[in-house]
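> You'll find entry33.txt just under this line, and it carries compact mmCIF, C-alpha atoms and all ligand atoms.
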# COMPACT_ATOMS: atom_id res chain seq x y z
CA MET A 10 52.15 -10.28 -46.39
CA ASN A 11 49.76 -8.11 -48.37
CA ASN A 12 50.41 -7.66 -52.03
CA ILE A 13 50.38 -3.90 -51.82
CA ASN A 14 53.13 -3.73 -54.42
CA ARG A 15 50.70 -4.97 -57.06
CA ILE A 16 48.18 -2.18 -56.58
CA THR A 17 47.49 -0.06 -59.66
CA THR A 18 43.90 0.93 -58.91
CA ILE A 19 42.03 2.21 -55.86
CA SER A 20 38.28 2.13 -55.38
CA PHE A 21 36.28 3.96 -52.73
CA ASP A 22 32.92 3.44 -51.13
CA GLY A 23 30.82 6.65 -51.13
CA ASP A 24 28.46 7.05 -48.15
CA MET A 25 30.29 7.56 -44.83
CA THR A 26 33.63 7.12 -46.63
CA LEU A 27 33.82 10.20 -48.87
CA TRP A 28 30.86 12.10 -47.42
CA ASP A 29 28.66 11.97 -44.33
CA PHE A 30 25.50 10.57 -45.86
CA ASN A 31 23.55 10.39 -42.60
CA LYS A 32 24.10 14.08 -41.96
CA VAL A 33 22.98 15.24 -45.43
CA MET A 34 20.07 12.79 -45.44
CA ARG A 35 18.74 14.11 -42.11
CA HIS A 36 19.29 17.72 -43.15
CA SER A 37 17.45 17.15 -46.45
CA LEU A 38 14.57 15.43 -44.67
CA ALA A 39 14.37 18.38 -42.26
CA VAL A 40 14.05 20.82 -45.17
CA THR A 41 11.42 18.58 -46.75
CA LEU A 42 9.47 18.24 -43.51
CA GLU A 43 9.45 22.02 -43.16
CA GLU A 44 8.01 22.33 -46.69
CA LEU A 45 5.41 19.67 -45.95
CA ARG A 46 4.32 21.52 -42.78
CA ARG A 47 4.14 24.77 -44.75
CA GLN A 48 1.89 23.18 -47.36
CA LEU A 49 -0.15 21.10 -44.94
CA PRO A 50 -0.28 22.84 -41.58
CA GLY A 51 -1.97 20.81 -38.87
CA LYS A 52 -1.63 18.21 -36.19
CA SER A 53 -0.61 15.28 -38.39
CA THR A 54 2.34 17.06 -39.98
CA SER A 55 3.40 18.79 -36.77
CA GLU A 56 3.61 15.37 -35.16
CA LEU A 57 5.57 13.90 -38.04
CA THR A 58 9.29 13.49 -37.27
CA ILE A 59 12.45 12.82 -39.25
CA GLU A 60 12.76 9.49 -37.40
CA LYS A 61 9.31 8.46 -38.65
CA MET A 62 10.24 9.48 -42.21
CA ILE A 63 13.44 7.41 -42.00
CA ALA A 64 11.50 4.42 -40.65
CA THR A 65 8.97 4.73 -43.48
CA ARG A 66 11.72 4.90 -46.08
CA ASN A 67 13.41 1.80 -44.65
CA GLU A 68 10.10 -0.03 -44.60
CA VAL A 69 9.53 0.79 -48.30
CA ALA A 70 13.11 -0.21 -49.18
CA GLU A 71 12.65 -3.55 -47.47
CA GLU A 72 9.39 -4.23 -49.29
CA LEU A 73 10.93 -3.35 -52.65
CA GLU A 74 14.14 -5.26 -52.01
CA ASP A 75 13.42 -7.81 -54.75
CA LYS A 76 11.69 -5.47 -57.18
CA THR A 77 13.77 -2.37 -57.58
CA ILE A 78 16.84 -0.93 -56.04
CA ASN A 79 16.61 2.49 -57.63
CA LEU A 80 17.05 4.69 -54.60
CA GLU A 81 15.28 7.74 -55.98
CA GLU A 82 12.23 5.60 -56.74
CA ILE A 83 12.33 4.18 -53.22
CA ARG A 84 12.53 7.69 -51.79
CA LEU A 85 9.55 8.84 -53.90
CA GLN A 86 7.47 5.90 -52.74
CA ALA A 87 8.48 6.70 -49.16
CA PHE A 88 7.16 10.26 -49.57
CA ASN A 89 3.94 8.83 -51.01
CA ARG A 90 3.55 6.63 -47.95
CA THR A 91 4.39 9.47 -45.60
CA LEU A 92 1.68 11.62 -47.21
CA ASP A 93 -0.73 8.73 -46.90
CA ALA A 94 0.15 8.47 -43.21
CA VAL A 95 -0.58 12.16 -42.58
CA GLY A 96 -3.92 11.75 -44.37
CA TYR A 97 -3.14 13.56 -47.59
CA LYS A 98 -2.31 11.24 -50.45
CA ASN A 99 -1.16 13.39 -53.35
CA ASP A 100 1.20 12.19 -56.07
CA ARG A 101 2.20 15.66 -57.20
CA LEU A 102 3.13 16.74 -53.71
CA ALA A 103 5.16 13.53 -53.27
CA ILE A 104 7.08 14.33 -56.45
CA HIS A 105 7.62 17.90 -55.28
CA LEU A 106 8.93 16.72 -51.88
CA ASN A 107 11.13 14.12 -53.53
CA ASN A 108 12.66 16.71 -55.86
CA LEU A 109 13.25 19.06 -52.95
CA TYR A 110 14.83 16.26 -50.94
CA LEU A 111 17.10 15.21 -53.83
CA LYS A 112 18.17 18.80 -54.52
CA HIS A 113 19.41 19.23 -50.96
CA ARG A 114 20.69 15.70 -50.70
CA PHE A 115 23.11 16.44 -53.54
CA GLU A 116 23.77 20.18 -53.29
CA ASP A 117 24.38 20.27 -49.54
CA ILE A 118 26.60 17.22 -49.29
CA GLU A 119 29.87 17.81 -47.44
CA LEU A 120 32.97 15.86 -48.29
CA TYR A 121 35.06 14.76 -45.33
CA PRO A 122 38.06 17.08 -44.98
CA ASP A 123 40.59 14.41 -46.04
CA VAL A 124 38.87 13.56 -49.35
CA LEU A 125 40.11 16.16 -51.83
CA THR A 126 43.77 16.10 -50.78
CA THR A 127 43.79 12.30 -50.83
CA LEU A 128 42.22 12.05 -54.27
CA HIS A 129 44.52 14.74 -55.68
CA THR A 130 47.56 12.85 -54.37
CA LEU A 131 46.49 9.36 -55.38
CA ARG A 132 45.29 10.24 -58.88
CA LYS A 133 48.90 10.98 -59.87
CA ASP A 134 49.90 7.33 -59.54
CA TYR A 135 46.70 5.29 -59.45
CA ARG A 136 43.48 4.82 -61.34
CA LEU A 137 40.62 5.77 -59.01
CA GLY A 138 37.04 4.56 -58.86
CA LEU A 139 33.82 4.52 -56.86
CA ILE A 140 31.85 1.40 -55.91
CA SER A 141 28.66 2.33 -54.09
CA ASN A 142 25.40 0.81 -52.91
CA GLY A 143 24.09 4.39 -52.67
CA ASN A 144 23.34 7.12 -55.22
CA GLY A 145 26.00 9.73 -54.53
CA TYR A 146 26.84 10.62 -58.11
CA PRO A 147 30.37 12.06 -57.97
CA GLU A 148 29.60 14.94 -60.33
CA LYS A 149 26.77 16.01 -58.00
CA CYS A 150 28.92 15.61 -54.90
CA GLY A 151 31.79 17.91 -55.80
CA LEU A 152 34.00 15.19 -57.31
CA PRO A 153 33.50 15.52 -61.06
CA ASP A 154 36.88 14.48 -62.44
CA PHE A 155 38.54 11.99 -60.15
CA PHE A 156 37.06 8.62 -61.00
CA SER A 157 37.81 6.64 -64.11
CA PHE A 158 35.20 4.03 -63.18
CA VAL A 159 31.99 4.33 -61.18
CA ILE A 160 29.73 1.44 -60.23
CA PHE A 161 26.37 1.84 -58.51
CA SER A 162 24.62 -1.26 -57.32
CA GLN A 163 21.29 0.19 -58.44
CA ASP A 164 22.60 0.21 -62.02
CA VAL A 165 24.19 -3.23 -62.08
CA GLY A 166 21.62 -5.08 -59.98
CA ILE A 167 23.99 -6.47 -57.36
CA LYS A 168 25.15 -4.98 -54.11
CA LYS A 169 28.26 -5.09 -52.01
CA PRO A 170 29.27 -7.44 -50.38
CA ASN A 171 28.57 -9.55 -53.50
CA PRO A 172 32.14 -10.13 -54.78
CA GLU A 173 30.85 -9.90 -58.36
CA ILE A 174 30.51 -6.13 -58.08
CA PHE A 175 34.23 -5.87 -57.30
CA SER A 176 35.07 -8.07 -60.29
CA MET A 177 32.89 -5.80 -62.46
CA ALA A 178 34.86 -2.83 -61.19
CA CYS A 179 38.13 -4.54 -62.11
CA LYS A 180 36.84 -5.23 -65.58
CA LYS A 181 35.85 -1.60 -65.99
CA ALA A 182 39.21 -0.47 -64.65
CA ASN A 183 41.01 -3.02 -66.78
CA CYS A 184 42.95 -4.43 -63.84
CA LEU A 185 43.23 -7.76 -62.08
CA ASN A 186 41.36 -8.21 -58.80
CA THR A 187 44.73 -8.46 -57.05
CA GLU A 188 45.66 -5.02 -58.43
CA LEU A 189 42.73 -3.26 -56.74
CA LEU A 190 42.67 -1.75 -53.26
CA HIS A 191 39.14 -1.00 -52.01
CA ILE A 192 38.52 1.42 -49.16
CA GLY A 193 35.27 1.66 -47.25
CA ASP A 194 33.69 2.21 -43.85
CA SER A 195 31.69 -1.02 -43.74
CA LEU A 196 33.26 -4.29 -42.63
CA GLU A 197 30.21 -6.17 -43.90
CA SER A 198 29.84 -4.54 -47.33
CA ASP A 199 33.25 -3.20 -48.26
CA VAL A 200 35.80 -5.37 -46.50
CA GLN A 201 33.97 -8.68 -46.65
CA GLY A 202 33.04 -8.18 -50.31
CA ALA A 203 36.53 -7.10 -51.36
CA ASN A 204 38.11 -9.99 -49.47
CA ALA A 205 35.79 -12.48 -51.16
CA ALA A 206 36.71 -11.05 -54.57
CA GLY A 207 40.44 -11.32 -53.93
CA VAL A 208 40.66 -7.53 -53.76
CA LEU A 209 42.84 -5.93 -51.11
CA SER A 210 40.68 -4.21 -48.48
CA ALA A 211 41.17 -1.22 -46.22
CA TRP A 212 38.63 -0.55 -43.47
CA LEU A 213 38.08 3.14 -42.86
CA ASN A 214 37.26 3.35 -39.17
CA ARG A 215 36.85 7.11 -38.75
CA ASP A 216 35.50 6.91 -35.21
CA GLY A 217 38.03 4.38 -33.95
CA LEU A 218 35.32 1.85 -33.13
CA ALA A 219 36.14 -1.53 -31.66
CA LYS A 220 35.91 -4.16 -34.38
CA SER A 221 32.61 -5.93 -33.80
CA SER A 222 33.05 -8.64 -36.38
CA LYS A 223 35.44 -11.37 -37.39
CA ILE A 224 35.80 -9.86 -40.84
CA GLN A 225 39.46 -9.04 -41.23
CA PRO A 226 40.59 -6.10 -43.36
CA ALA A 227 44.06 -6.11 -44.89
CA PHE A 228 44.48 -2.60 -43.49
CA GLU A 229 42.65 -0.47 -40.95
CA ILE A 230 42.85 3.30 -41.21
CA GLN A 231 41.20 6.17 -39.33
CA SER A 232 41.64 8.74 -42.06
CA LEU A 233 42.02 8.66 -45.82
CA ASN A 234 45.36 10.45 -45.33
CA GLU A 235 46.76 7.12 -44.18
CA ILE A 236 46.36 5.51 -47.61
CA SER A 237 49.52 7.14 -48.90
CA GLU A 238 51.37 5.68 -45.91
CA ILE A 239 50.11 2.19 -46.71
CA LEU A 240 51.14 2.53 -50.35
CA LYS A 241 54.61 3.76 -49.45
CA TYR A 242 55.52 0.27 -48.32
CA LYS A 243 55.31 -0.96 -51.88
MG MG A 301 29.66 3.35 -46.67
When written as structure tokens, how does the structure in this file appear?
Ligand SMILES: [Mg+2]

Amino acid sequence: MNNINRITTISFDGDMTLWDFNKVMRHSLAVTLEELRRQLPGKSTSELTIEKMIATRNEVAEELEDKTINLEEIRLQAFNRTLDAVGYKNDRLAIHLNNLYLKHRFEDIELYPDVLTTLHTLRKDYRLGLISNGNGYPEKCGLPDFFSFVIFSQDVGIKKPNPEIFSMACKKANCLNTELLHIGDSLESDVQGANAAGVLSAWLNRDGLAKSSKIQPAFEIQSLNEISEILKYK
């Protein structure tokens, strides 16, 4: 059986686990696109779409995969390329758009409704942390005081599912790998990585999707409210 009785520490993934990243990303791109059209009215910007901006960003991220994984830098370079594509290369405007994007990307983020109650409950008995491949800084996302350790892959140079990032988290939290429960929405990044590190994994499957992979979580939950239930069986 699972060693749930050993758990002293709980780590969370950020994007799509604590907040809906896709929603705030699209919303922030929409605001940015509106600003771009205001500054550069014309055919090329009116034909630009959020989908194209996302594709450009992903293209840039792929090209920079080995060089940098600072997500704000990737986003800035994506705005540069987008401006190039609409025929108006301008570094200052790219910086302006990037700042506007980042402002909304942080200020308008919405936590899922089960996040605050869960964190309030769990913090009484467990050390809590964040392990993220993204850049959702907790203090900018309405969660300033909950986490005693925070690890961003862009800071440490390795990404989930690399098991090393989970071991780093355990070191920071001063716990054994077997004392950590990691919760995340991705079977590939969160569950597979935690499993490989000897960390107990819980797959957050908010939409009740059929499991499309052989990766096996120790627990499957549909809401963060279920974590307390799991821990009750200590
Ligand atoms: Mg995620």
> At a cut-off of 6 Å and counting all atoms listed in the file, what residues surround ligand MG 301 (chain A)? Please answer as number ranges by chain.
A: 22-26, 193-195
> Please determine the residues with any atom at most 9 Å from (24.8, -8.2, -46.9) (coordinates as given in the file, with all atoms listed in the file counting) and report them as a PyMOL selection string.
chain A and resi 168-171+197-198+202
> Ala94 in chain A: which residues within 10 Å, counting only C-alpha atoms, same-chain residues fewer than 6 positions away excluded, as number ranges by chain?
A: 53-54, 57, 65, 88
> To one decimal in Å, tell me the separation between CA of Val124 in chain A and CA of Leu27 in chain A.
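Atom-to-atom, CA of Val124 in chain A and CA of Leu27 in chain A are spaced 6.1 Å apart.
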> Excluding Leu73 in chain A and its own-chain neighbours fewer than 6 positions away, which residues fall within 10 Å of it when counting only C-alpha atoms? Please give them as an NGL selection string.
:A and (67 or 79 or 82-83 or 86)
> Have a look at CA of Trp28 in chain A and CA of Ala211 in chain A and let me know their distance in Å, one decimal.
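Computed distance, CA of Trp28 in chain A to CA of Ala211 in chain A, equals 16.9 Å.
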> Residues near Asp216 in chain A, anyone? I mean within 12 Å using all atoms listed in the file, not counting same-chain ones fewer than 3 positions away, as a PDB file with C-alpha atoms, in the frame of the given file.

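To be explicit, this is the file written out as part-v9.pdb:
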ATOM      1  CA  MET A  25      30.290   7.560 -44.830  1.00  0.00           C
ATOM      2  CA  THR A  26      33.630   7.120 -46.630  1.00  0.00           C
ATOM      3  CA  ASP A 194      33.690   2.210 -43.850  1.00  0.00           C
ATOM      4  CA  TRP A 212      38.630  -0.550 -43.470  1.00  0.00           C
ATOM      5  CA  LEU A 213      38.080   3.140 -42.860  1.00  0.00           C
ATOM      6  CA  ALA A 219      36.140  -1.530 -31.660  1.00  0.00           C
ATOM      7  CA  LYS A 220      35.910  -4.160 -34.380  1.00  0.00           C
ATOM      8  CA  GLU A 229      42.650  -0.470 -40.950  1.00  0.00           C
ATOM      9  CA  ILE A 230      42.850   3.300 -41.210  1.00  0.00           C
ATOM     10  CA  GLN A 231      41.200   6.170 -39.330  1.00  0.00           C
ATOM     11  CA  SER A 232      41.640   8.740 -42.060  1.00  0.00           C
TER      12      SER A 232
END
> Using only C-alpha atoms, which residue out of A:Asn144, A:Asn108, A:Asn186, A:Ser20 lies closest to Pro172 in chain A?
A:Asn186
> Return the single residue from A:Tyr110, A:Phe175, A:Tyr97, A:Tyr135 that is closest to Ser237 in chain A, with distances computed using only C-alpha atoms.
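Closest residue, counting only C-alpha atoms: A:Tyr135.
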> So what do you get for CA of Ser162 in chain A versus CA of Ser141 in chain A, distance-wise?
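Interatomic distance, CA of Ser162 in chain A to CA of Ser141 in chain A: 6.3 Å.
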> Restricting the calculation to only C-alpha atoms: of A:Ala203, A:Ala70, A:Leu111, A:Leu45, which residue gets closest to Thr187 in chain A?
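Among the listed residues, A:Ala203 lies closest to Thr187 in chain A.
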> Could you check which of A:Asn99, A:Thr130, A:Gln48, A:Asn14 is closest to Leu233 in chain A, using only C-alpha atoms?
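Of the candidates, the smallest distance to Leu233 in chain A is held by A:Thr130.
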